[in-house]
Amino acid sequence: LAGAIREEIQKGYVAVTIRVNEVSANAGLIRPGDFVNVGWTGRKNGELVSTILMQNIKVLLSDRDIDPNWKSGMPIPTTITLLVTLEDY
């Protein structure tokens, strides 16, 4: 598996792992090979703001192998690894 992942990381790209939860991991439905947008929500000048940081980013890995027939109560990944350009990193 590690060798296959290395082959996916072409020159000019890096693998970056981020924490996710049930909401941000789309209830566990995000799988390796999917493409996602990465956003941020936080407070700025006392106001809640959201912004998209990166778009159309490939998911390389999730920390849990999720059954495609996922049902409530099954494990949801807590991290996913994304393929991003050095420029975006």
# chains A, B, ... in the order shown; residues from 1 in each chain; ligands from 1
call {"tool": "residues_around", "arguments": {"residues": "Val84 in chain A", "least_positions_apart": "3", "cutoff": "8 Å", "atoms": "only C-alpha atoms", "output": "JSON, numbers by chain"}}
result
{"A": [13, 14, 15, 16, 57, 58, 88, 89]}
call {"tool": "residues_around", "arguments": {"residues": "Val20 in chain A", "least_positions_apart": "3", "cutoff": "8 Å", "atoms": "only C-alpha atoms", "output": "count of residues only"}}
result
7
call {"tool": "select_by_dssp", "arguments": {"residues": "range 5-76 of chain A", "states": "alpha helix (DSSP H)", "output": "number ranges by chain"}}
result
A: 5-8
call {"tool": "residues_around", "arguments": {"residues": "Val59 in chain A", "least_positions_apart": "6", "cutoff": "12 Å", "atoms": "only C-alpha atoms", "output": "CSV table (one decimal) with N, CA, C and O atoms, in the first residue's frame"}}
result
chain,number,residue,atom,x,y,z
A,5,ILE,N,0.9,4.4,-2.8
A,5,ILE,CA,0.7,5.8,-2.4
A,5,ILE,C,1.8,6.6,-2.9
A,5,ILE,O,1.6,7.7,-3.5
A,8,GLU,N,1.5,7.7,-6.4
A,8,GLU,CA,0.5,8.7,-6.6
A,8,GLU,C,1.0,10.1,-6.4
A,8,GLU,O,0.5,11.1,-6.9
A,9,ILE,N,2.1,10.3,-5.6
A,9,ILE,CA,2.6,11.6,-5.2
A,9,ILE,C,3.7,12.0,-6.3
A,9,ILE,O,4.8,11.6,-6.2
A,14,VAL,N,2.5,17.0,-2.5
A,14,VAL,CA,2.8,16.4,-1.2
A,14,VAL,C,1.5,15.8,-0.6
A,14,VAL,O,0.4,16.2,-1.0
A,15,ALA,N,1.7,14.8,0.3
A,15,ALA,CA,0.6,14.3,1.0
A,15,ALA,C,0.4,15.0,2.3
A,15,ALA,O,1.4,15.1,3.0
A,16,VAL,N,-0.8,15.5,2.6
A,16,VAL,CA,-1.0,16.2,3.8
A,16,VAL,C,-2.2,15.5,4.5
A,16,VAL,O,-3.3,15.3,3.9
A,17,THR,N,-2.0,15.2,5.8
A,17,THR,CA,-3.1,14.6,6.6
A,17,THR,C,-3.8,15.6,7.5
A,17,THR,O,-3.1,16.4,8.1
A,18,ILE,N,-5.1,15.6,7.5
A,18,ILE,CA,-5.9,16.5,8.3
A,18,ILE,C,-6.9,15.7,9.1
A,18,ILE,O,-7.3,14.6,8.8
A,25,ALA,N,-16.2,14.7,7.4
A,25,ALA,CA,-15.9,13.5,6.6
A,25,ALA,C,-17.2,13.0,5.9
A,25,ALA,O,-17.2,11.9,5.4
A,29,LEU,N,-18.5,8.9,4.3
A,29,LEU,CA,-18.7,8.5,2.9
A,29,LEU,C,-17.5,8.9,2.0
A,29,LEU,O,-17.5,8.5,0.8
A,30,ILE,N,-16.6,9.8,2.5
A,30,ILE,CA,-15.5,10.2,1.7
A,30,ILE,C,-14.5,9.0,1.7
A,30,ILE,O,-14.1,8.5,2.7
A,31,ARG,N,-14.1,8.6,0.5
A,31,ARG,CA,-13.2,7.5,0.3
A,31,ARG,C,-11.9,7.9,-0.5
A,31,ARG,O,-11.9,8.9,-1.2
A,32,PRO,N,-10.9,7.1,-0.4
A,32,PRO,CA,-9.7,7.3,-1.2
A,32,PRO,C,-10.1,7.4,-2.7
A,32,PRO,O,-10.9,6.5,-3.1
A,33,GLY,N,-9.5,8.3,-3.4
A,33,GLY,CA,-9.9,8.5,-4.8
A,33,GLY,C,-10.9,9.6,-5.1
A,33,GLY,O,-11.1,10.1,-6.2
A,34,ASP,N,-11.6,9.9,-4.0
A,34,ASP,CA,-12.6,11.0,-4.1
A,34,ASP,C,-11.9,12.4,-4.2
A,34,ASP,O,-10.7,12.5,-3.8
A,35,PHE,N,-12.6,13.4,-4.7
A,35,PHE,CA,-12.1,14.7,-4.7
A,35,PHE,C,-13.0,15.6,-3.8
A,35,PHE,O,-14.2,15.5,-3.8
A,36,VAL,N,-12.3,16.4,-3.0
A,36,VAL,CA,-13.0,17.2,-2.0
A,36,VAL,C,-12.6,18.7,-2.0
A,36,VAL,O,-11.5,19.0,-2.6
A,37,ASN,N,-13.4,19.5,-1.4
A,37,ASN,CA,-13.0,20.9,-1.2
A,37,ASN,C,-12.6,21.0,0.3
A,37,ASN,O,-13.2,20.3,1.1
A,38,VAL,N,-11.6,21.8,0.6
A,38,VAL,CA,-11.2,22.0,2.0
A,38,VAL,C,-11.6,23.4,2.4
A,38,VAL,O,-11.2,24.4,1.8
A,79,THR,N,-8.9,10.9,10.4
A,79,THR,CA,-8.0,11.7,9.6
A,79,THR,C,-8.2,11.2,8.1
A,79,THR,O,-8.6,10.1,7.9
A,80,ILE,N,-7.9,12.1,7.2
A,80,ILE,CA,-7.8,11.8,5.8
A,80,ILE,C,-6.5,12.4,5.3
A,80,ILE,O,-6.0,13.4,5.8
A,81,THR,N,-5.9,11.7,4.3
A,81,THR,CA,-4.6,12.3,3.7
A,81,THR,C,-5.0,12.7,2.3
A,81,THR,O,-5.6,12.0,1.5
A,82,LEU,N,-4.6,14.0,2.0
A,82,LEU,CA,-4.9,14.7,0.8
A,82,LEU,C,-3.7,14.8,-0.1
A,82,LEU,O,-2.6,15.0,0.5
A,83,LEU,N,-3.8,14.9,-1.4
A,83,LEU,CA,-2.7,15.1,-2.3
A,83,LEU,C,-2.9,16.6,-2.7
A,83,LEU,O,-3.8,17.0,-3.4
A,84,VAL,N,-1.9,17.4,-2.3
A,84,VAL,CA,-2.0,18.8,-2.6
A,84,VAL,C,-0.7,19.3,-3.3
A,84,VAL,O,0.4,18.7,-3.2
call {"tool": "closest_residue", "arguments": {"among": "A:Ser50, A:Ser62, A:Gln55, A:Asn45", "to": "Gly28 in chain A", "atoms": "only C-alpha atoms"}}
result
A:Ser62
call {"tool": "decode", "arguments": {"residues": "range 19-48 of chain A", "atoms": "N, CA and C atoms", "output": "compact mmCIF listing (two decimals), in the first residue's frame"}}
result
# COMPACT_ATOMS: atom_id res chain seq x y z
N ARG A 19 -7.26 16.34 10.24
CA ARG A 19 -8.28 15.73 11.09
C ARG A 19 -9.66 16.01 10.51
N VAL A 20 -10.53 15.03 10.63
CA VAL A 20 -11.92 15.19 10.21
C VAL A 20 -12.83 14.63 11.30
N ASN A 21 -14.09 14.97 11.19
CA ASN A 21 -15.09 14.40 12.09
C ASN A 21 -16.27 13.91 11.26
N GLU A 22 -17.32 13.49 11.91
CA GLU A 22 -18.46 12.92 11.19
C GLU A 22 -19.03 13.90 10.17
N VAL A 23 -19.07 15.17 10.52
CA VAL A 23 -19.62 16.17 9.61
C VAL A 23 -18.65 16.44 8.47
N SER A 24 -17.39 16.74 8.80
CA SER A 24 -16.44 17.11 7.75
C SER A 24 -16.06 15.92 6.87
N ALA A 25 -16.22 14.71 7.38
CA ALA A 25 -15.93 13.52 6.58
C ALA A 25 -17.18 13.02 5.86
N ASN A 26 -18.19 13.87 5.82
CA ASN A 26 -19.42 13.55 5.10
C ASN A 26 -20.01 12.23 5.58
N ALA A 27 -20.11 12.09 6.89
CA ALA A 27 -20.66 10.90 7.55
C ALA A 27 -19.89 9.64 7.17
N GLY A 28 -18.60 9.79 6.88
CA GLY A 28 -17.78 8.62 6.56
C GLY A 28 -17.86 8.17 5.12
N LEU A 29 -18.51 8.94 4.27
CA LEU A 29 -18.68 8.53 2.88
C LEU A 29 -17.53 8.95 1.97
N ILE A 30 -16.62 9.78 2.47
CA ILE A 30 -15.46 10.17 1.67
C ILE A 30 -14.46 9.02 1.66
N ARG A 31 -14.06 8.64 0.46
CA ARG A 31 -13.19 7.48 0.28
C ARG A 31 -11.93 7.88 -0.50
N PRO A 32 -10.85 7.09 -0.37
CA PRO A 32 -9.68 7.33 -1.20
C PRO A 32 -10.08 7.35 -2.68
N GLY A 33 -9.53 8.32 -3.42
CA GLY A 33 -9.87 8.50 -4.83
C GLY A 33 -10.91 9.57 -5.06
N ASP A 34 -11.65 9.95 -4.01
CA ASP A 34 -12.62 11.03 -4.11
C ASP A 34 -11.90 12.37 -4.21
N PHE A 35 -12.59 13.38 -4.67
CA PHE A 35 -12.09 14.74 -4.72
C PHE A 35 -12.95 15.60 -3.82
N VAL A 36 -12.30 16.44 -3.00
CA VAL A 36 -13.01 17.23 -2.00
C VAL A 36 -12.56 18.69 -2.04
N ASN A 37 -13.38 19.54 -1.44
CA ASN A 37 -12.99 20.92 -1.17
C ASN A 37 -12.62 21.00 0.30
N VAL A 38 -11.63 21.82 0.63
CA VAL A 38 -11.18 21.98 2.01
C VAL A 38 -11.57 23.38 2.45
N GLY A 39 -12.35 23.43 3.53
CA GLY A 39 -12.81 24.72 4.03
C GLY A 39 -12.39 24.96 5.46
N TRP A 40 -12.59 26.17 5.91
CA TRP A 40 -12.28 26.57 7.28
C TRP A 40 -13.42 27.42 7.79
N THR A 41 -13.82 27.17 9.03
CA THR A 41 -14.81 28.00 9.70
C THR A 41 -14.22 28.41 11.04
N GLY A 42 -14.31 29.68 11.34
CA GLY A 42 -13.78 30.19 12.59
C GLY A 42 -14.28 31.61 12.83
N ARG A 43 -13.72 32.23 13.83
CA ARG A 43 -14.13 33.60 14.18
C ARG A 43 -13.09 34.60 13.68
N LYS A 44 -13.59 35.68 13.10
CA LYS A 44 -12.74 36.78 12.65
C LYS A 44 -13.43 38.07 13.08
N ASN A 45 -12.73 38.84 13.89
CA ASN A 45 -13.32 40.08 14.43
C ASN A 45 -14.65 39.80 15.13
N GLY A 46 -14.72 38.67 15.83
CA GLY A 46 -15.91 38.32 16.59
C GLY A 46 -17.04 37.71 15.78
N GLU A 47 -16.88 37.62 14.47
CA GLU A 47 -17.94 37.06 13.62
C GLU A 47 -17.53 35.68 13.12
N LEU A 48 -18.52 34.81 13.00
CA LEU A 48 -18.29 33.48 12.45
C LEU A 48 -18.16 33.59 10.94
